[in-house]
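Here is run_8.csv, consisting of CSV, C-alpha atoms:
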chain,number,residue,atom,x,y,z
A,1,MET,CA,-36.9,10.2,9.0
A,2,ASP,CA,-35.6,7.2,7.0
A,3,MET,CA,-31.9,7.7,6.6
A,4,ASN,CA,-31.6,5.2,3.9
A,5,THR,CA,-34.0,6.9,1.5
A,6,ILE,CA,-33.1,10.5,2.2
A,7,LYS,CA,-31.3,12.6,-0.5
A,8,LEU,CA,-28.3,14.2,1.0
A,9,PRO,CA,-27.6,17.8,0.1
A,10,ILE,CA,-24.0,17.2,-0.6
A,11,SER,CA,-22.6,16.6,-4.0
A,12,THR,CA,-18.8,16.6,-4.0
A,13,VAL,CA,-15.9,14.7,-2.5
A,14,PHE,CA,-14.9,17.9,-0.7
A,15,GLU,CA,-18.3,18.2,0.9
A,16,ARG,CA,-18.4,14.6,1.9
A,17,ASP,CA,-15.0,14.8,3.6
A,18,SER,CA,-15.9,18.0,5.2
A,19,LEU,CA,-19.1,16.5,6.6
A,20,LEU,CA,-17.3,13.4,7.9
A,21,THR,CA,-14.7,15.6,9.7
A,22,PHE,CA,-17.5,17.5,11.2
A,23,LEU,CA,-19.1,14.3,12.5
A,24,ASP,CA,-15.8,13.1,14.0
A,25,GLN,CA,-15.6,16.3,16.0
A,26,PHE,CA,-19.3,16.3,16.8
A,27,ASP,CA,-19.2,12.8,18.2
A,28,GLN,CA,-16.6,13.9,20.7
A,29,ILE,CA,-18.3,17.1,22.0
A,30,ILE,CA,-21.8,15.8,22.4
A,31,PHE,CA,-21.0,14.1,25.6
A,32,ASN,CA,-19.2,17.1,27.0
A,33,ILE,CA,-21.7,18.8,29.3
A,34,THR,CA,-19.7,22.0,29.4
A,35,ILE,CA,-20.1,22.6,25.7
A,36,ASP,CA,-23.2,24.2,24.2
A,37,VAL,CA,-23.8,21.9,21.3
A,38,LYS,CA,-26.1,24.3,19.4
A,39,SER,CA,-23.5,27.1,19.5
A,40,TRP,CA,-20.7,24.6,18.7
A,41,VAL,CA,-22.6,23.4,15.6
A,42,LYS,CA,-23.2,27.0,14.5
A,43,GLU,CA,-19.5,27.9,14.8
A,44,ASN,CA,-18.0,24.7,13.3
A,45,THR,CA,-20.2,24.1,10.3
A,46,HIS,CA,-18.5,24.9,7.0
A,47,ALA,CA,-20.6,26.8,4.5
A,48,ASP,CA,-20.6,23.9,2.0
A,49,ILE,CA,-22.2,21.5,4.5
A,50,LYS,CA,-24.5,23.9,6.3
A,51,VAL,CA,-27.6,22.8,4.6
A,52,ALA,CA,-26.9,19.1,5.3
A,53,VAL,CA,-26.1,19.7,8.9
A,54,GLU,CA,-29.2,21.9,9.5
A,55,GLU,CA,-31.3,19.2,7.9
A,56,TYR,CA,-30.2,16.5,10.4
A,57,PHE,CA,-29.4,18.6,13.5
A,58,ASP,CA,-32.4,20.9,13.6
A,59,GLU,CA,-33.7,23.3,16.2
A,60,ASN,CA,-34.5,20.5,18.7
A,61,ILE,CA,-30.8,19.7,19.1
A,62,LEU,CA,-30.8,21.1,22.6
A,63,SER,CA,-33.6,18.9,23.8
A,64,THR,CA,-32.1,15.7,22.2
A,65,SER,CA,-30.0,13.5,24.4
A,66,PRO,CA,-26.3,12.9,23.6
A,67,GLU,CA,-27.1,9.2,23.0
A,68,GLU,CA,-29.7,10.1,20.4
A,69,LEU,CA,-27.4,12.7,18.7
A,70,PHE,CA,-24.7,10.0,18.6
A,71,GLY,CA,-27.1,7.5,17.0
A,72,LYS,CA,-28.1,10.1,14.5
A,73,SER,CA,-24.5,11.0,13.7
A,74,LYS,CA,-23.8,7.3,13.2
A,75,SER,CA,-26.7,6.8,10.8
A,76,LEU,CA,-25.7,9.9,8.9
A,77,ARG,CA,-22.1,8.6,8.6
A,78,LYS,CA,-23.5,5.3,7.3
A,79,VAL,CA,-25.5,7.1,4.6
A,80,ILE,CA,-22.6,9.2,3.5
A,81,LEU,CA,-20.2,6.3,3.2
A,82,SER,CA,-22.8,4.3,1.2
A,83,LEU,CA,-23.2,7.0,-1.4
A,84,ASP,CA,-21.9,6.1,-4.9
A,85,THR,CA,-19.1,8.2,-6.3
A,86,LEU,CA,-19.2,9.4,-9.8
A,87,VAL,CA,-15.7,10.4,-11.0
A,88,ILE,CA,-15.9,13.0,-13.8
A,89,THR,CA,-12.7,14.2,-15.6
A,90,VAL,CA,-13.2,17.4,-17.5
A,91,PRO,CA,-10.8,19.6,-19.6
A,92,VAL,CA,-11.3,22.8,-17.7
A,93,GLU,CA,-12.2,24.0,-14.2
A,94,LEU,CA,-15.9,24.2,-13.9
A,95,GLU,CA,-17.8,27.3,-12.9
A,96,LYS,CA,-19.8,26.9,-9.7
A,97,GLU,CA,-23.0,27.5,-11.6
A,98,PHE,CA,-22.3,24.7,-14.0
A,99,ARG,CA,-21.2,22.4,-11.2
A,100,LEU,CA,-24.6,23.0,-9.5
A,101,LYS,CA,-26.2,22.3,-12.9
A,102,LEU,CA,-24.3,19.0,-13.1
A,103,VAL,CA,-25.4,18.1,-9.6
A,104,ALA,CA,-29.0,18.9,-10.4
A,105,TRP,CA,-28.8,16.8,-13.6
A,106,VAL,CA,-27.3,13.8,-11.8
A,107,THR,CA,-29.7,14.0,-8.9
A,108,LYS,CA,-32.7,14.3,-11.2
A,109,THR,CA,-31.6,11.7,-13.7
A,110,LEU,CA,-30.5,9.1,-11.2
A,111,ASN,CA,-33.1,10.0,-8.6
A,112,ARG,CA,-30.6,9.5,-5.8
A,113,SER,CA,-27.8,11.3,-4.1
A,114,ILE,CA,-24.4,10.8,-5.6
A,115,ILE,CA,-20.9,12.2,-4.8
A,116,LEU,CA,-19.2,13.9,-7.7
A,117,ASP,CA,-15.4,13.6,-7.8
A,118,ILE,CA,-14.3,16.2,-10.4
A,119,HIS,CA,-10.8,16.0,-11.9
A,120,ILE,CA,-9.3,18.3,-14.5
A,121,ASP,CA,-7.2,17.2,-17.4
A,122,PRO,CA,-6.7,19.8,-20.2
A,123,SER,CA,-5.5,17.2,-22.7
A,124,LEU,CA,-9.1,16.0,-23.1
A,125,ILE,CA,-9.8,19.1,-25.1
A,126,ALA,CA,-13.6,18.7,-24.8
A,127,GLY,CA,-16.1,16.2,-23.4
A,128,ALA,CA,-15.6,14.2,-20.3
A,129,THR,CA,-14.6,10.8,-18.9
A,130,ILE,CA,-17.2,9.3,-16.5
A,131,GLU,CA,-16.2,6.6,-14.0
A,132,SER,CA,-18.8,4.8,-11.9
A,133,SER,CA,-18.8,1.4,-10.2
A,134,GLY,CA,-15.9,0.1,-12.3
A,135,PHE,CA,-17.4,1.5,-15.6
A,136,ILE,CA,-15.5,4.0,-17.6
A,137,LEU,CA,-16.9,6.1,-20.4
A,138,ASP,CA,-14.5,8.2,-22.4
A,139,HIS,CA,-16.4,10.7,-24.4
A,140,THR,CA,-13.7,13.2,-25.2
A,141,ILE,CA,-12.1,14.7,-28.3
A,142,ARG,CA,-8.8,13.1,-27.3
A,143,SER,CA,-10.3,9.6,-27.2
A,144,PHE,CA,-12.0,10.2,-30.5
A,145,PHE,CA,-8.7,11.3,-32.0
A,146,GLU,CA,-6.8,8.3,-30.5
A,147,LYS,CA,-9.4,5.9,-31.7
A,148,ARG,CA,-9.1,7.2,-35.3
A,149,LEU,CA,-5.3,6.9,-35.2
A,150,SER,CA,-5.6,3.4,-33.8
A,151,GLU,CA,-8.1,2.4,-36.6
A,152,ARG,CA,-5.7,3.7,-39.2
A,153,ARG,CA,-2.8,1.7,-37.8
A,154,HIS,CA,-4.9,-1.4,-37.7
A,155,HIS,CA,-5.5,-1.1,-41.4
A,156,GLY,CA,-1.8,-1.2,-42.3
A,157,PHE,CA,-0.9,2.4,-41.5
B,158,MET,CA,73.4,-48.7,-81.0
B,159,SER,CA,71.5,-49.9,-78.0
B,160,PHE,CA,72.6,-46.8,-76.1
B,161,ALA,CA,71.2,-44.6,-78.9
B,162,LEU,CA,67.9,-46.5,-78.8
B,163,LEU,CA,67.7,-46.1,-75.0
B,164,PHE,CA,68.3,-42.4,-75.4
B,165,LEU,CA,65.5,-42.0,-77.9
B,166,ILE,CA,63.1,-43.8,-75.7
B,167,ILE,CA,64.0,-41.6,-72.7
B,168,ASN,CA,63.5,-38.5,-74.9
B,169,LEU,CA,60.1,-39.8,-76.1
B,170,ILE,CA,59.0,-40.3,-72.4
B,171,PHE,CA,60.2,-36.8,-71.5
B,172,PHE,CA,58.4,-35.1,-74.3
B,173,GLY,CA,55.3,-37.2,-73.7
B,174,ALA,CA,55.2,-36.0,-70.2
B,175,ILE,CA,55.5,-32.4,-71.3
B,176,ALA,CA,52.7,-32.9,-73.8
B,177,TYR,CA,50.5,-34.5,-71.1
B,178,TYR,CA,51.1,-31.5,-68.8
B,179,PHE,CA,50.0,-29.0,-71.5
B,180,LEU,CA,47.0,-31.1,-72.5
B,181,VAL,CA,45.6,-32.2,-69.2
B,182,VAL,CA,46.8,-29.9,-66.5
B,183,ARG,CA,46.2,-26.7,-68.5
B,184,ARG,CA,42.7,-27.9,-69.3
B,185,GLN,CA,42.0,-28.4,-65.6
B,186,LEU,CA,43.3,-25.0,-64.9
B,187,ASN,CA,41.0,-23.5,-67.5
B,188,GLU,CA,38.1,-25.3,-66.0
B,189,GLU,CA,38.9,-23.9,-62.6
B,190,ARG,CA,39.1,-20.4,-64.0
B,191,LYS,CA,35.7,-20.9,-65.6
B,192,VAL,CA,34.2,-21.9,-62.3
B,193,GLU,CA,35.7,-18.9,-60.6
B,194,LEU,CA,34.3,-16.5,-63.2
B,195,GLY,CA,30.9,-18.2,-62.8
B,196,HIS,CA,31.1,-17.6,-59.1
B,197,GLN,CA,32.1,-14.0,-59.6
B,198,ALA,CA,29.2,-13.4,-61.9
B,199,PHE,CA,26.8,-15.0,-59.4
B,200,GLU,CA,28.1,-12.7,-56.7
B,201,GLU,CA,27.6,-9.7,-58.9
B,202,GLU,CA,24.1,-10.8,-59.7
B,203,LYS,CA,23.4,-11.1,-55.9
B,204,LEU,CA,24.8,-7.7,-55.3
B,205,GLU,CA,22.6,-6.2,-58.0
B,206,GLU,CA,19.6,-7.9,-56.5
B,207,ALA,CA,20.4,-6.6,-53.0
B,208,GLU,CA,20.9,-3.1,-54.4
B,209,LEU,CA,17.5,-3.2,-56.1
B,210,GLU,CA,16.0,-4.5,-52.9
B,211,LEU,CA,17.5,-1.6,-51.0
B,212,LYS,CA,16.0,0.9,-53.4
B,213,ASP,CA,12.6,-0.8,-53.0
B,214,GLU,CA,12.9,-0.6,-49.2
B,215,LEU,CA,13.6,3.1,-49.4
B,216,GLN,CA,10.6,3.5,-51.7
B,217,GLU,CA,8.5,1.6,-49.2
B,218,VAL,CA,9.6,3.8,-46.4
B,219,ARG,CA,8.6,6.8,-48.5
B,220,ILE,CA,5.2,5.4,-49.3
B,221,ARG,CA,4.5,4.5,-45.7
B,222,ALA,CA,5.6,8.0,-44.5
B,223,ASN,CA,3.3,9.6,-47.1
B,224,LYS,CA,0.4,7.3,-45.9
B,225,ILE,CA,1.0,8.4,-42.4
B,226,LEU,CA,0.8,12.1,-43.5
B,227,ALA,CA,-2.3,11.6,-45.6
B,228,GLU,CA,-4.0,9.7,-42.9
B,229,SER,CA,-3.1,12.2,-40.2
B,230,GLU,CA,-4.6,14.9,-42.3
B,231,ASN,CA,-7.8,12.9,-42.7
B,232,ILE,CA,-7.8,12.5,-38.9
B,233,ALA,CA,-7.4,16.2,-38.3
B,234,ARG,CA,-10.2,16.9,-40.7
B,235,GLU,CA,-12.5,14.3,-39.2
B,236,LEU,CA,-11.7,15.6,-35.7
B,237,ILE,CA,-12.9,19.1,-36.7
B,238,VAL,CA,-16.0,17.7,-38.4
B,239,GLU,CA,-16.9,15.6,-35.3
B,240,LEU,CA,-16.3,18.6,-33.1
B,241,GLU,CA,-18.4,20.9,-35.2
B,242,ASN,CA,-21.2,18.3,-35.4
B,243,THR,CA,-21.1,17.9,-31.6
B,244,LEU,CA,-21.3,21.6,-31.1
B,245,GLY,CA,-23.9,22.1,-33.9
B,246,LYS,CA,-21.6,24.4,-35.8
B,247,LYS,CA,-21.6,22.8,-39.2
B,248,HIS,CA,-20.9,26.0,-41.2
B,249,ALA,CA,-17.5,24.9,-42.4
B,250,ASP,CA,-17.1,23.2,-45.8
B,251,THR,CA,-15.5,19.9,-44.9
B,252,THR,CA,-15.9,18.2,-48.3
B,253,VAL,CA,-12.6,19.5,-49.6
B,254,PRO,CA,-10.6,17.0,-51.7
B,255,LEU,CA,-7.5,15.4,-50.3
B,256,PRO,CA,-4.4,17.5,-50.6
B,257,SER,CA,-1.8,16.7,-53.2
B,258,GLU,CA,1.5,15.2,-52.1
B,259,ASP,CA,3.3,18.5,-52.5
B,260,ASN,CA,0.6,20.7,-50.9
B,261,PHE,CA,-0.4,20.0,-47.4
B,262,GLU,CA,-2.3,23.2,-46.9
B,263,VAL,CA,-5.8,22.0,-46.4
B,264,GLU,CA,-8.7,24.3,-46.3
B,265,LEU,CA,-10.6,23.6,-43.0
B,266,GLY,CA,-13.1,26.3,-42.9
B,267,SER,CA,-12.8,28.9,-40.2
B,268,LEU,CA,-9.9,27.1,-38.5
B,269,SER,CA,-7.7,26.9,-41.6
B,270,ASN,CA,-5.2,29.5,-40.7
B,271,LYS,CA,-4.6,28.2,-37.3
B,272,ILE,CA,-4.3,24.6,-38.6
B,273,LYS,CA,-1.8,25.9,-41.2
B,274,SER,CA,0.4,27.4,-38.5
B,275,HIS,CA,0.2,24.7,-35.9
B,276,TYR,CA,-0.1,21.6,-38.0
B,277,VAL,CA,0.8,21.8,-41.7
B,278,ILE,CA,4.2,23.5,-41.3
B,279,ARG,CA,5.4,21.1,-38.7
B,280,ILE,CA,4.3,18.1,-40.7
B,281,GLN,CA,6.2,19.5,-43.6
B,282,ASN,CA,9.3,19.8,-41.5
B,283,LEU,CA,8.9,16.1,-40.5
B,284,LEU,CA,8.6,15.1,-44.1
B,285,LYS,CA,11.7,17.1,-45.0
B,286,SER,CA,13.8,15.3,-42.4
B,287,LEU,CA,12.5,12.0,-43.8
B,288,GLU,CA,13.5,13.0,-47.4
B,289,LYS,CA,16.9,14.0,-46.1
B,290,TYR,CA,17.4,10.6,-44.6
B,291,GLU,CA,16.2,8.9,-47.8
B,292,LEU,CA,18.5,11.0,-49.9
B,293,GLN,CA,21.5,10.1,-47.7
B,294,GLU,CA,20.8,6.4,-47.9
B,295,ALA,CA,20.2,6.6,-51.7
B,296,ARG,CA,23.6,8.2,-52.1
B,297,LYS,CA,25.3,5.5,-50.1
B,298,VAL,CA,23.8,2.8,-52.3
B,299,GLU,CA,24.9,4.7,-55.4
B,300,ALA,CA,28.5,5.1,-54.1
B,301,PHE,CA,28.5,1.4,-53.2
B,302,ALA,CA,27.4,0.4,-56.7
B,303,GLN,CA,30.1,2.6,-58.2
B,304,ASP,CA,32.9,1.1,-56.0
B,305,GLN,CA,31.7,-2.4,-56.9
B,306,MET,CA,32.0,-1.7,-60.6
B,307,GLU,CA,35.5,-0.3,-60.2
B,308,SER,CA,36.9,-3.1,-58.0
B,309,ALA,CA,37.7,-6.6,-59.0
B,310,ASP,CA,39.3,-7.6,-55.7
B,311,LYS,CA,37.5,-10.6,-54.4
B,312,ASN,CA,38.2,-9.9,-50.7
B,313,LEU,CA,37.1,-6.4,-51.1
B,314,GLN,CA,34.0,-7.6,-52.8
B,315,SER,CA,33.1,-9.9,-49.9
B,316,MET,CA,33.7,-7.0,-47.5
B,317,ARG,CA,31.3,-4.9,-49.5
B,318,ILE,CA,28.7,-7.6,-49.4
B,319,SER,CA,28.9,-7.4,-45.7
B,320,ALA,CA,28.6,-3.6,-45.8
B,321,LEU,CA,25.6,-3.9,-48.0
B,322,SER,CA,24.0,-6.3,-45.6
B,323,LYS,CA,24.6,-3.9,-42.7
B,324,MET,CA,23.0,-1.1,-44.7
B,325,HIS,CA,20.1,-3.4,-45.3
B,326,GLU,CA,19.7,-4.0,-41.5
B,327,LYS,CA,19.9,-0.3,-40.9
B,328,ILE,CA,17.0,0.4,-43.3
B,329,GLU,CA,15.1,-2.4,-41.6
B,330,ARG,CA,15.6,-0.8,-38.3
B,331,TYR,CA,14.7,2.6,-39.8
B,332,LYS,CA,11.4,1.1,-41.0
B,333,GLU,CA,10.6,-0.2,-37.6
B,334,GLU,CA,11.9,2.3,-35.2
B,335,GLU,CA,12.2,5.6,-37.2
B,336,LEU,CA,8.9,5.2,-38.9
B,337,MET,CA,7.3,4.5,-35.5
B,338,LEU,CA,9.0,7.6,-34.1
B,339,PHE,CA,7.9,9.5,-37.1
B,340,ASP,CA,4.3,8.3,-36.7
B,341,LYS,CA,4.5,9.2,-33.0
B,342,LYS,CA,5.8,12.7,-33.9
B,343,VAL,CA,2.9,13.2,-36.3
B,344,LYS,CA,0.5,12.1,-33.6
B,345,GLU,CA,2.0,14.5,-31.2
B,346,VAL,CA,1.8,17.4,-33.7
B,347,ILE,CA,-1.8,16.7,-34.4
B,348,ASP,CA,-2.6,16.2,-30.7
B,349,GLN,CA,-0.9,19.5,-29.8
B,350,ALA,CA,-2.5,21.3,-32.8
B,351,ALA,CA,-5.9,19.9,-31.9
B,352,GLN,CA,-5.4,20.9,-28.3
B,353,GLU,CA,-4.2,24.4,-29.1
B,354,VAL,CA,-6.4,25.2,-32.0
B,355,LEU,CA,-9.6,23.5,-31.0
B,356,GLY,CA,-9.2,24.0,-27.3
B,357,HIS,CA,-8.9,27.8,-27.8
B,358,SER,CA,-11.8,27.8,-30.3
B,359,LEU,CA,-14.2,26.3,-27.8
B,360,THR,CA,-16.3,28.5,-25.6
B,361,ASN,CA,-17.2,27.6,-22.0
B,362,GLN,CA,-20.7,26.8,-23.2
B,363,ASP,CA,-19.3,24.4,-25.7
B,364,ILE,CA,-17.2,22.7,-23.1
B,365,ASP,CA,-20.2,22.5,-20.7
B,366,GLU,CA,-22.4,21.0,-23.3
B,367,SER,CA,-19.8,18.4,-24.3
B,368,ILE,CA,-19.6,17.4,-20.6
B,369,LEU,CA,-23.4,17.0,-20.3
B,370,LYS,CA,-23.4,15.0,-23.5
B,371,ALA,CA,-20.8,12.6,-22.0
B,372,LEU,CA,-23.1,12.2,-19.0
B,373,GLU,CA,-26.1,11.6,-21.2
B,374,LYS,CA,-24.2,9.0,-23.2
B,375,ALA,CA,-23.2,7.2,-19.9
B,376,LYS,CA,-26.9,7.2,-18.9
B,377,GLU,CA,-28.0,5.9,-22.3
B,378,GLN,CA,-25.7,3.0,-21.9
B,379,HIS,CA,-27.2,2.4,-18.5
B,380,LYS,CA,-23.9,2.7,-16.8
B,381,LEU,CA,-24.8,5.2,-14.2
If you took the structure in this file and wrote it as structure tokens, what would it be?
Amino acid sequence: MDMNTIKLPISTVFERDSLLTFLDQFDQIIFNITIDVKSWVKENTHADIKVAVEEYFDENILSTSPEELFGKSKSLRKVILSLDTLVITVPVELEKEFRLKLVAWVTKTLNRSIILDIHIDPSLIAGATIESSGFILDHTIRSFFEKRLSERRHHGF
Amino acid sequence: MSFALLFLIINLIFFGAIAYYFLVVRRQLNEERKVELGHQAFEEEKLEEAELELKDELQEVRIRANKILAESENIARELIVELENTLGKKHADTTVPLPSEDNFEVELGSLSNKIKSHYVIRIQNLLKSLEKYELQEARKVEAFAQDQMESADKNLQSMRISALSKMHEKIERYKEEELMLFDKKVKEVIDQAAQEVLGHSLTNQDIDESILKALEKAKEQHKL
């Protein structure tokens, strides 16, 4: 499996951090012969990252050597850390359903995995600000409003 | 005989000196008085000009405040038009004429009542406070002018010129600082009204659609 082209089934900063924490602990237990790795994975995988973990550490986990598992973990960490982050600031807390819709839209449109970092700012009223790779798009009612006021001031307000 | 002649000569010199005093010195004194009157008239003219200028300044403050109000109402209306266009809810009539100076109650379709309570009344209060300030300053100018007419004291006049100059500075500061503050307050009122009124008018679906639109816009600009 080519780790660089794979689409990770994680979509939020929380999921990314959760997966990284999981990998930190995983790296430490795989060399401990007294621990049943498969059971440990089952017990210590948070629901949000379950799909991602299952995809990389499948049924053959028991027959895989600790060195291979460590290498796999290292590659996965590399993929996670190389993912772009899209910061979206919205006026209200998003329903889980709509969050998934956003993830689906981003994945389909951009054809790659991306981490969504969602912030809430009620003063935006409606719309969203999008921040990615140093670019900021402010498509909100608040910015529209501020722009209009600024235009008026510019014309001798 | 020679003594009498000498006495006559001395008398002639004495009376000549008196005549010289009345002719030359009094003329000089009159000229000085004329200069002084001219100077006084010049100062009075200067004061009148300054008074007129103050009145103009107040008028300018009033015009600018009205402009801020008129523009802020345009902005509020545009804000709603934009929002309704975005959400595809163009049922409200937004082609209403601009409100008159005395009537800020703008009809804004289905949101009009909320706008009235959150926006119009508070803007009116701001305008009232501005009018109050303007009235106070106008009264001060009037009182000053009255005092000026009643007093001929030169020192007092120069003190009043200085007072007038201070009043001038105060209005200048008002124009810069108070109007800026007034402008800021108007913005805050609209901001808050927009947030309260429009924010509550939006459904979750409206909000979701506006977020997706923002993402689509970012994609269109090839920034994702």
Chain A contacts to chain B at 10 Å (only C-alpha atoms) as a VMD selection string
chain A and resid 84 86 88 to 95 98 to 99 101 to 102 105 to 106 109 to 110 122 to 142 144 to 149 152 to 153 156 to 157
Between A:Ile33, A:Ile120, A:Leu20, A:Ile10, which has the minimum distance to A:Lys74 (counting only C-alpha atoms)?
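Counting only C-alpha atoms, the residue closest to A:Lys74 is A:Leu20.
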Can you measure atom CA of A:Asn44 to atom CA of A:Ile61 for me? One decimal in Å is fine.
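Atom-to-atom, atom CA of A:Asn44 to atom CA of A:Ile61, that is 14.9 Å.
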Just how far from atom CA of B:Glu333 is atom CA of B:Gln216, in Å to one decimal?
14.6 Å
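In this model, the gap between atom CA of B:Arg184 and atom CA of B:Glu201 comes to 25.8 Å.
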Write out as an MDAnalysis selection string each polymer residue whose atoms come within 12 Å of A:Ser39, counting all atoms listed in the file; drop sequence neighbours fewer than 4 positions from it.
chainID A and resid 26 29:30 34:35 43:45 57 59 61:62
